[in-house]
Amino acid sequence: MTVLPDAEWRGREGLARIVAALGADAVKIVGGAVRDTLLGHPVTDIDLATPLLPQEVTRRLEAADIKVIPTGIAHGTVTAIASGDRHEITTLRRDVETDGRRATIAFADDWREDAARRDFTINALYADPATGVVEDWFGGLADLAAGRVRFIGDAALRIAEDHLRILRFYRFAARFGHGDLDPASHAAVVAARQSLKSLSRERIADELTRILALPDPRPIVRQMAADGIFAVLLPEADAEAALDRLLANEGAAGVAPDALRRFAALLPTDPAVAEQVASRLRLSTRQRKHLAALAAHRGGPLQPVRQLAYRIGIEAARDVHLLAGDRAQAAAAVRSLAGWTNPVLPVKGGDIVARGIAAGPEVARILKAVEADWIAEDFPGPARVAELVDQKIGRSSERRQ
């Protein structure tokens, strides 16, 4: 018998109130909270499963003065808020019909039947909230101990139920796997890779982001490339040198992983391609512009980081140096931008006019020339800018004579 080790979340007042309201025999902890507690990993979300119908769940919780939000009522899920804690509670289910993108479900009262519809054995672990005793119908405990990510039952059938499980397989293998991939599961995802085309771009982008946000996604990214996953989803991707360089530079500079920056490492140094990919994956306007800026500036000579930051923004300039510099350059760039804000040119057109230059194109030309020298000299203060203005006005006067 396996019992959950002591964990901070097991003593939470809100969780205890919810369990008491539903009845200890009518609720179990399920999925990631059980898996991660067994591994000694931090637990953020504690999801609950119950054979009670959503209406009965709501009735019991509200009778105990616990707030209930019908967050996914069509699929049997409500969110309970008790003592500041939020927990999703889902009625046991079975699949009636699936098309690879969404499922028609029916409520059930059998714990094993509910577990059977989940994706991987390590995600189909249920625990008694009072005793911590773990129930495992499909060998998830053994797989967890072995570092093996394996589909429940027929891998091809699990993938046919939801094609996103192909990408989830790679992500979970990267997080929890040790050694070689499970042969049957691996063969099934490779065989089904063309079905990824049926998924919404948003779901694909979300999974790719989760993969790239892992501490070191390089081994699984290379595996995905070798398996033809990127050929289906992201034919523009190159999974080799740029990502290696980036992760080395992130480590040298002491910066946290950033999925969008790593995504940029997979793309060619072509702003048009970056924008096209971002649009295809339905990324936000900010993300699209960021990827295009990185593509535009990391392919050529590396500009001084503060000069680049003034032109394209601090975050983008830092990422360009992390992507394109060597370790020393990347670390120096991050240090140079720490606590730095883009300065404002301490002279305006009115100051030029006040010096006797008629308003018009000549004022703009002088300002542009002053700004170019100011940037090149690493943004000196007003005294130096005044000297630069004198120089430009003097040359302008010479041209007029």
# chains A, B, ... in the order shown; residues from 1 in each chain; ligands from 1

$ residues_around --residues "Phe138 of chain A" --least-positions-apart "2" --cutoff "12 Å" --atoms "only C-alpha atoms" --output "PyMOL selection string"
chain A and resi 112-126+135-136+140-144+150-154

$ closest_residue --among "A:Leu367, A:Ala188, A:Ala293, A:Ala252" --to "Ala272 of chain A" --atoms "only C-alpha atoms"
A:Ala293

$ residues_around --residues "Arg286 of chain A" --least-positions-apart "6" --cutoff "12 Å" --atoms "only C-alpha atoms" --output "VMD selection string"
chain A and resid 260 275 278 to 279 292 to 293 315 to 316

$ atom_distance --atom1 "atom CA of Leu322 of chain A" --atom2 "atom CA of Arg171 of chain A"
24.2 Å
